[in-house]
Amino acid sequence: MAFLKEKFSDVRIGSLIFLEIEGWIYWLFGSFPGAIGIILRNIICSFLFKKKEGMVWIQPRVTIIESRKLQMGHNCGINTGTYINAKGGIIMGDYVLIGSNVTISSGRHPIEGRSPSIFERPTEPCPIVIENDVWIGANAVIMPGITLKKGTVVGAGAIVTKDTEEYSVVAGVPAQIIRYRNE
Ligand SMILES: CC(C)(COP(=O)(O)OP(=O)(O)OC[C@H]1O[C@@H](n2cnc3c(N)ncnc32)[C@H](O)[C@@H]1OP(=O)(O)O)[C@@H](O)C(=O)NCCC(=O)NCCS
C-alpha cells in the first residue's frame with residue numbers, strides 16, 4: 001500500500017478515471033481494421049486529445065496514453081505498433097508522419113540516488129514537441145523533452161537524444177545528422 005501511495009502521489013483521481021476510460025476506448029476501437037477503423041479512431045481522438053485540428057490517420061494497434069495532454073495539427077499519421085505516452089505533454093504540428101513501432105514518451109524516471117527504487121518514484125514530465133512536416137522512421141525512439149524541428153526526418157531505428165535542426169535527416173544511435181533535405 002505504501003508503495004502505491006508513493007508511486008501515484010502525483011496522480012489525481014480524475015486522471016486515474018480518465019486513464020481507465022481511455023484504456024477501454026482504445027481497447028475497443030484500437031484494432032478495428034481498414035478505413036472504417038481509421039475513421040472511428042479519428043472521431044474518438046477528437047474527444048480524447050487536448051487539441052486536434054484535422055484528420056489523424058491511426059493504423060491498428062497504436063497505444064496512446066494520457067491523450068488529453070496530446071495536441072495535434074492537421075493531417076498526421078501514426079503507424080502500427082507505435083507507443084505514445086503524453087504524460088508530460090506532446091505537441092505535434094501539421095503533416096507529422098510516424099512509422100511503425102516508434103516510441104515517443106514524454107515522461108522520465110529520475111535515477112539519482114539508490115532509494116526508493118526507480119519503480120516507486122513518480123514519473124517526471126518532459127514535454128516533447130514535433131513540428132510541421134516531420135517523418136519518424138520505423139522503430140525510432142524519441143527521448144523525453146526532445147524537440148524535432150520543422151522538416152526533420154528521423155531514420156529507422158534511430159534514438160533521438162538531442163533537439164534536431166530544421167530539415168535535417170538524422171539516423172543512428174544516438175542519432176546524428178547524416179544530411180539536410182534539399183530545397
Ligand atoms: C533516414 C533515411 C530517410 C535516409 O535516406 P537517404 O537519405 O536516402 O539515405 P541513404 O540511403 O543515401 O544513406 C546515407 C547514409 O546514411 C546511412 N543510413 C541511412 N539510413 C540509416 C538509418 N536508418 N540508420 C543508420 N544509418 C542510416 C546509410 O547507411 C548511408 O551511410 P554511408 O554513407 O556510410 O553508406 C532512410 O534511410 C530511413 O531510415 N528511412 C526510414 C524508412 C522507414 O522507417 N520506413 C517505414 C516507416 S513509414
# chains A, B, ... in the order shown; residues from 1 in each chain; ligands from 1
>>> residues_around(residues="range 42-52 of chain A", least_positions_apart="2", cutoff="9 Å", atoms="only C-alpha atoms", output="compact mmCIF listing (two decimals) with C-alpha atoms, in the first residue's frame")
# COMPACT_ATOMS: atom_id res chain seq x y z
CA GLU A 22 -9.13 5.91 -22.31
CA ILE A 25 -11.91 3.02 -25.52
CA TYR A 26 -8.60 2.24 -27.28
CA PHE A 29 -11.55 0.55 -31.22
CA GLY A 37 -11.14 1.74 -38.22
CA ILE A 38 -9.20 4.85 -39.22
CA ILE A 39 -12.38 6.96 -39.37
CA LEU A 40 -13.60 5.64 -36.00
CA GLY A 54 -7.65 17.99 -38.58
CA MET A 55 -7.72 14.36 -39.60
CA VAL A 56 -5.45 11.84 -37.86
CA TRP A 57 -4.77 8.52 -39.59
CA ILE A 58 -4.17 5.98 -36.83
CA GLU A 66 -2.78 10.36 -21.49
CA SER A 67 -4.30 11.54 -24.80
CA ARG A 68 -5.76 14.56 -23.02
CA LYS A 69 -2.23 16.04 -22.93
CA LEU A 70 -1.66 15.49 -26.66
CA GLN A 71 -2.11 18.35 -29.14
CA MET A 72 -2.12 17.67 -32.86
CA GLY A 73 -2.27 19.78 -36.00
CA HIS A 74 -3.70 18.89 -39.43
>>> residues_near_ligand(ligand="ligand 1", cutoff="8 Å", atoms="only C-alpha atoms and all ligand atoms", output="JSON, numbers by chain")
{"A": [79, 97, 98, 99, 100, 135, 136, 137, 138, 139, 153, 154, 155, 156, 157, 158, 169, 170, 171, 172, 173, 178, 179]}
>>> residues_around(residues="Gly81 in chain A", least_positions_apart="2", cutoff="8 Å", atoms="only C-alpha atoms", output="short mmCIF file (atom, residue, chain, number, x, y, z; two decimals) with C-alpha atoms, in the first residue's frame")
data_model
loop_
_atom_site.label_atom_id
_atom_site.label_comp_id
_atom_site.auth_asym_id
_atom_site.auth_seq_id
_atom_site.Cartn_x
_atom_site.Cartn_y
_atom_site.Cartn_z
CA PRO A 60 -4.49 -0.53 -35.82
CA ARG A 61 -2.61 -1.40 -32.61
CA VAL A 62 -1.26 2.04 -31.73
CA THR A 63 -1.02 2.76 -27.99
CA ASN A 79 1.58 3.53 -37.98
CA TYR A 83 3.65 3.78 -28.38
CA SER A 100 5.62 1.63 -37.12
CA ASN A 101 6.85 0.63 -33.64
CA VAL A 102 8.07 4.12 -32.73
#
>>> closest_residue(among="A:Glu166, A:Ile118, A:Ala35, A:Ile111", to="Ile130 in chain A", atoms="only C-alpha atoms")
A:Glu166
>>> closest_residue(among="A:Glu131, A:Glu53, A:Glu112, A:Glu124", to="Ile90 in chain A", atoms="only C-alpha atoms")
A:Glu131
>>> atom_distance(atom1="CA of Phe32 in chain A", atom2="CA of Val141 in chain A")
25.5 Å
>>> select_by_dssp(residues="chain A", states="alpha helix (DSSP H)", output="JSON, numbers by chain")
{"A": [2, 3, 4, 5, 6, 7, 13, 14, 15, 16, 17, 18, 19, 20, 21, 22, 23, 24, 25, 26, 27, 28, 29, 34, 35, 36, 37, 38, 39, 40, 41, 42, 43, 44, 45, 46, 47, 48]}
>>> atom_distance(atom1="CA of Cys76 in chain A", atom2="CA of Asp94 in chain A")
6.4 Å
>>> residues_around(residues="Ile65 in chain A", least_positions_apart="5", cutoff="9 Å", atoms="only C-alpha atoms", output="MDAnalysis selection string")
chainID A and resid 19 22:23 83:87
>>> write_last_selection(atoms="C-alpha atoms", output="short mmCIF file (atom, residue, chain, number, x, y, z; two decimals), in the first residue's frame")
data_model
loop_
_atom_site.label_atom_id
_atom_site.label_comp_id
_atom_site.auth_asym_id
_atom_site.auth_seq_id
_atom_site.Cartn_x
_atom_site.Cartn_y
_atom_site.Cartn_z
CA LEU A 19 -6.81 6.68 -17.93
CA GLU A 22 -9.13 5.91 -22.31
CA GLY A 23 -7.69 2.39 -21.95
CA TYR A 83 3.65 3.78 -28.38
CA ILE A 84 2.94 7.40 -27.42
CA ASN A 85 2.89 8.47 -23.76
CA ALA A 86 1.76 12.09 -23.46
CA LYS A 87 2.11 12.30 -19.66
#
>>> closest_residue(among="A:Ser105, A:Thr82, A:Asn132, A:Phe8", to="Phe119 in chain A", atoms="only C-alpha atoms")
A:Phe8
>>> closest_residue(among="A:Ala175, A:Val160, A:Ala2, A:Ile21", to="Thr103 in chain A", atoms="only C-alpha atoms")
A:Val160
>>> decode(residues="range 62-177 of chain A", atoms="C-alpha atoms", output="PDB file, in the first residue's frame")
ATOM      1  CA  VAL A  62      -1.259   2.042 -31.734  1.00  0.00           C
ATOM      2  CA  THR A  63      -1.017   2.763 -27.988  1.00  0.00           C
ATOM      3  CA  ILE A  64      -1.686   6.293 -26.783  1.00  0.00           C
ATOM      4  CA  ILE A  65      -1.591   7.087 -23.064  1.00  0.00           C
ATOM      5  CA  GLU A  66      -2.776  10.360 -21.493  1.00  0.00           C
ATOM      6  CA  SER A  67      -4.304  11.541 -24.804  1.00  0.00           C
ATOM      7  CA  ARG A  68      -5.761  14.562 -23.021  1.00  0.00           C
ATOM      8  CA  LYS A  69      -2.230  16.040 -22.929  1.00  0.00           C
ATOM      9  CA  LEU A  70      -1.663  15.494 -26.663  1.00  0.00           C
ATOM     10  CA  GLN A  71      -2.111  18.352 -29.143  1.00  0.00           C
ATOM     11  CA  MET A  72      -2.117  17.665 -32.865  1.00  0.00           C
ATOM     12  CA  GLY A  73      -2.275  19.784 -36.004  1.00  0.00           C
ATOM     13  CA  HIS A  74      -3.698  18.890 -39.435  1.00  0.00           C
ATOM     14  CA  ASN A  75      -3.226  15.566 -41.221  1.00  0.00           C
ATOM     15  CA  CYS A  76      -0.991  13.411 -39.054  1.00  0.00           C
ATOM     16  CA  GLY A  77      -0.420   9.675 -39.482  1.00  0.00           C
ATOM     17  CA  ILE A  78       0.628   7.041 -36.923  1.00  0.00           C
ATOM     18  CA  ASN A  79       1.576   3.528 -37.980  1.00  0.00           C
ATOM     19  CA  THR A  80       1.024   0.147 -36.308  1.00  0.00           C
ATOM     20  CA  GLY A  81       2.722  -0.749 -33.020  1.00  0.00           C
ATOM     21  CA  THR A  82       3.699   2.810 -32.079  1.00  0.00           C
ATOM     22  CA  TYR A  83       3.645   3.785 -28.377  1.00  0.00           C
ATOM     23  CA  ILE A  84       2.943   7.396 -27.418  1.00  0.00           C
ATOM     24  CA  ASN A  85       2.889   8.466 -23.765  1.00  0.00           C
ATOM     25  CA  ALA A  86       1.758  12.087 -23.455  1.00  0.00           C
ATOM     26  CA  LYS A  87       2.106  12.295 -19.665  1.00  0.00           C
ATOM     27  CA  GLY A  88       4.494  15.260 -19.888  1.00  0.00           C
ATOM     28  CA  GLY A  89       2.639  16.868 -22.807  1.00  0.00           C
ATOM     29  CA  ILE A  90       3.204  16.338 -26.534  1.00  0.00           C
ATOM     30  CA  ILE A  91       2.621  18.982 -29.194  1.00  0.00           C
ATOM     31  CA  MET A  92       2.570  17.841 -32.820  1.00  0.00           C
ATOM     32  CA  GLY A  93       2.294  20.180 -35.778  1.00  0.00           C
ATOM     33  CA  ASP A  94       0.805  19.560 -39.236  1.00  0.00           C
ATOM     34  CA  TYR A  95       1.720  16.697 -41.594  1.00  0.00           C
ATOM     35  CA  VAL A  96       3.607  14.645 -38.995  1.00  0.00           C
ATOM     36  CA  LEU A  97       4.163  11.053 -40.137  1.00  0.00           C
ATOM     37  CA  ILE A  98       5.112   8.438 -37.548  1.00  0.00           C
ATOM     38  CA  GLY A  99       6.299   4.999 -38.715  1.00  0.00           C
ATOM     39  CA  SER A 100       5.623   1.630 -37.119  1.00  0.00           C
ATOM     40  CA  ASN A 101       6.853   0.631 -33.639  1.00  0.00           C
ATOM     41  CA  VAL A 102       8.074   4.118 -32.734  1.00  0.00           C
ATOM     42  CA  THR A 103       8.336   5.078 -29.049  1.00  0.00           C
ATOM     43  CA  ILE A 104       7.562   8.667 -28.026  1.00  0.00           C
ATOM     44  CA  SER A 105       7.415   9.030 -24.261  1.00  0.00           C
ATOM     45  CA  SER A 106       7.240  12.408 -22.533  1.00  0.00           C
ATOM     46  CA  GLY A 107       7.961  11.142 -19.008  1.00  0.00           C
ATOM     47  CA  ARG A 108      11.277  10.383 -17.328  1.00  0.00           C
ATOM     48  CA  HIS A 109      12.117   8.171 -14.354  1.00  0.00           C
ATOM     49  CA  PRO A 110      14.544  10.042 -12.063  1.00  0.00           C
ATOM     50  CA  ILE A 111      17.585   7.779 -11.488  1.00  0.00           C
ATOM     51  CA  GLU A 112      19.730   9.714  -8.975  1.00  0.00           C
ATOM     52  CA  GLY A 113      20.123   8.103  -5.552  1.00  0.00           C
ATOM     53  CA  ARG A 114      19.511   4.463  -4.707  1.00  0.00           C
ATOM     54  CA  SER A 115      16.374   4.678  -2.648  1.00  0.00           C
ATOM     55  CA  PRO A 116      13.436   4.495  -3.177  1.00  0.00           C
ATOM     56  CA  SER A 117      13.570   2.136  -6.154  1.00  0.00           C
ATOM     57  CA  ILE A 118      13.082   3.717  -9.578  1.00  0.00           C
ATOM     58  CA  PHE A 119       9.793   1.832  -9.938  1.00  0.00           C
ATOM     59  CA  GLU A 120       8.430   3.515  -6.789  1.00  0.00           C
ATOM     60  CA  ARG A 121       9.200   7.094  -7.884  1.00  0.00           C
ATOM     61  CA  PRO A 122       6.690   9.312  -9.668  1.00  0.00           C
ATOM     62  CA  THR A 123       7.479   9.969 -13.333  1.00  0.00           C
ATOM     63  CA  GLU A 124       8.892  13.412 -14.192  1.00  0.00           C
ATOM     64  CA  PRO A 125       7.047  15.159 -17.051  1.00  0.00           C
ATOM     65  CA  CYS A 126       9.305  16.161 -20.001  1.00  0.00           C
ATOM     66  CA  PRO A 127       7.299  17.739 -22.858  1.00  0.00           C
ATOM     67  CA  ILE A 128       8.014  16.717 -26.454  1.00  0.00           C
ATOM     68  CA  VAL A 129       7.466  18.979 -29.473  1.00  0.00           C
ATOM     69  CA  ILE A 130       7.214  17.630 -33.030  1.00  0.00           C
ATOM     70  CA  GLU A 131       6.993  20.473 -35.534  1.00  0.00           C
ATOM     71  CA  ASN A 132       5.410  20.512 -39.020  1.00  0.00           C
ATOM     72  CA  ASP A 133       6.407  18.064 -41.758  1.00  0.00           C
ATOM     73  CA  VAL A 134       8.400  15.648 -39.572  1.00  0.00           C
ATOM     74  CA  TRP A 135       8.757  11.993 -40.615  1.00  0.00           C
ATOM     75  CA  ILE A 136       9.830   9.459 -37.979  1.00  0.00           C
ATOM     76  CA  GLY A 137      11.065   6.114 -39.402  1.00  0.00           C
ATOM     77  CA  ALA A 138      10.176   2.692 -38.043  1.00  0.00           C
ATOM     78  CA  ASN A 139      11.436   1.621 -34.594  1.00  0.00           C
ATOM     79  CA  ALA A 140      12.845   5.050 -33.699  1.00  0.00           C
ATOM     80  CA  VAL A 141      12.828   6.258 -30.091  1.00  0.00           C
ATOM     81  CA  ILE A 142      12.210   9.935 -29.306  1.00  0.00           C
ATOM     82  CA  MET A 143      13.574  10.647 -25.836  1.00  0.00           C
ATOM     83  CA  PRO A 144      11.665  12.719 -23.259  1.00  0.00           C
ATOM     84  CA  GLY A 145      11.993  16.508 -23.581  1.00  0.00           C
ATOM     85  CA  ILE A 146      13.079  16.474 -27.251  1.00  0.00           C
ATOM     86  CA  THR A 147      12.027  18.940 -29.956  1.00  0.00           C
ATOM     87  CA  LEU A 148      12.029  17.656 -33.533  1.00  0.00           C
ATOM     88  CA  LYS A 149      12.276  20.829 -35.592  1.00  0.00           C
ATOM     89  CA  LYS A 150      10.291  21.541 -38.751  1.00  0.00           C
ATOM     90  CA  GLY A 151      11.040  19.173 -41.637  1.00  0.00           C
ATOM     91  CA  THR A 152      13.172  16.705 -39.646  1.00  0.00           C
ATOM     92  CA  VAL A 153      13.487  13.142 -40.929  1.00  0.00           C
ATOM     93  CA  VAL A 154      14.362  10.538 -38.292  1.00  0.00           C
ATOM     94  CA  GLY A 155      15.884   7.375 -39.783  1.00  0.00           C
ATOM     95  CA  ALA A 156      14.597   3.916 -38.977  1.00  0.00           C
ATOM     96  CA  GLY A 157      15.912   2.626 -35.638  1.00  0.00           C
ATOM     97  CA  ALA A 158      17.355   5.983 -34.512  1.00  0.00           C
ATOM     98  CA  ILE A 159      17.421   7.049 -30.875  1.00  0.00           C
ATOM     99  CA  VAL A 160      16.985  10.824 -30.750  1.00  0.00           C
ATOM    100  CA  THR A 161      18.677  12.241 -27.647  1.00  0.00           C
ATOM    101  CA  LYS A 162      19.090  15.901 -28.737  1.00  0.00           C
ATOM    102  CA  ASP A 163      16.846  18.503 -30.357  1.00  0.00           C
ATOM    103  CA  THR A 164      17.155  18.368 -34.147  1.00  0.00           C
ATOM    104  CA  GLU A 165      17.818  21.122 -36.700  1.00  0.00           C
ATOM    105  CA  GLU A 166      15.268  22.249 -39.286  1.00  0.00           C
ATOM    106  CA  TYR A 167      15.154  19.982 -42.366  1.00  0.00           C
ATOM    107  CA  SER A 168      17.911  17.730 -41.041  1.00  0.00           C
ATOM    108  CA  VAL A 169      17.984  13.972 -41.641  1.00  0.00           C
ATOM    109  CA  VAL A 170      19.179  12.171 -38.516  1.00  0.00           C
ATOM    110  CA  ALA A 171      19.978   8.490 -38.068  1.00  0.00           C
ATOM    111  CA  GLY A 172      21.786   6.074 -35.765  1.00  0.00           C
ATOM    112  CA  VAL A 173      22.230   5.565 -32.033  1.00  0.00           C
ATOM    113  CA  PRO A 174      22.486   8.214 -30.715  1.00  0.00           C
ATOM    114  CA  ALA A 175      21.003  10.000 -33.738  1.00  0.00           C
ATOM    115  CA  GLN A 176      23.422  12.191 -35.739  1.00  0.00           C
ATOM    116  CA  ILE A 177      22.823  14.431 -38.749  1.00  0.00           C
TER     117      ILE A 177
END
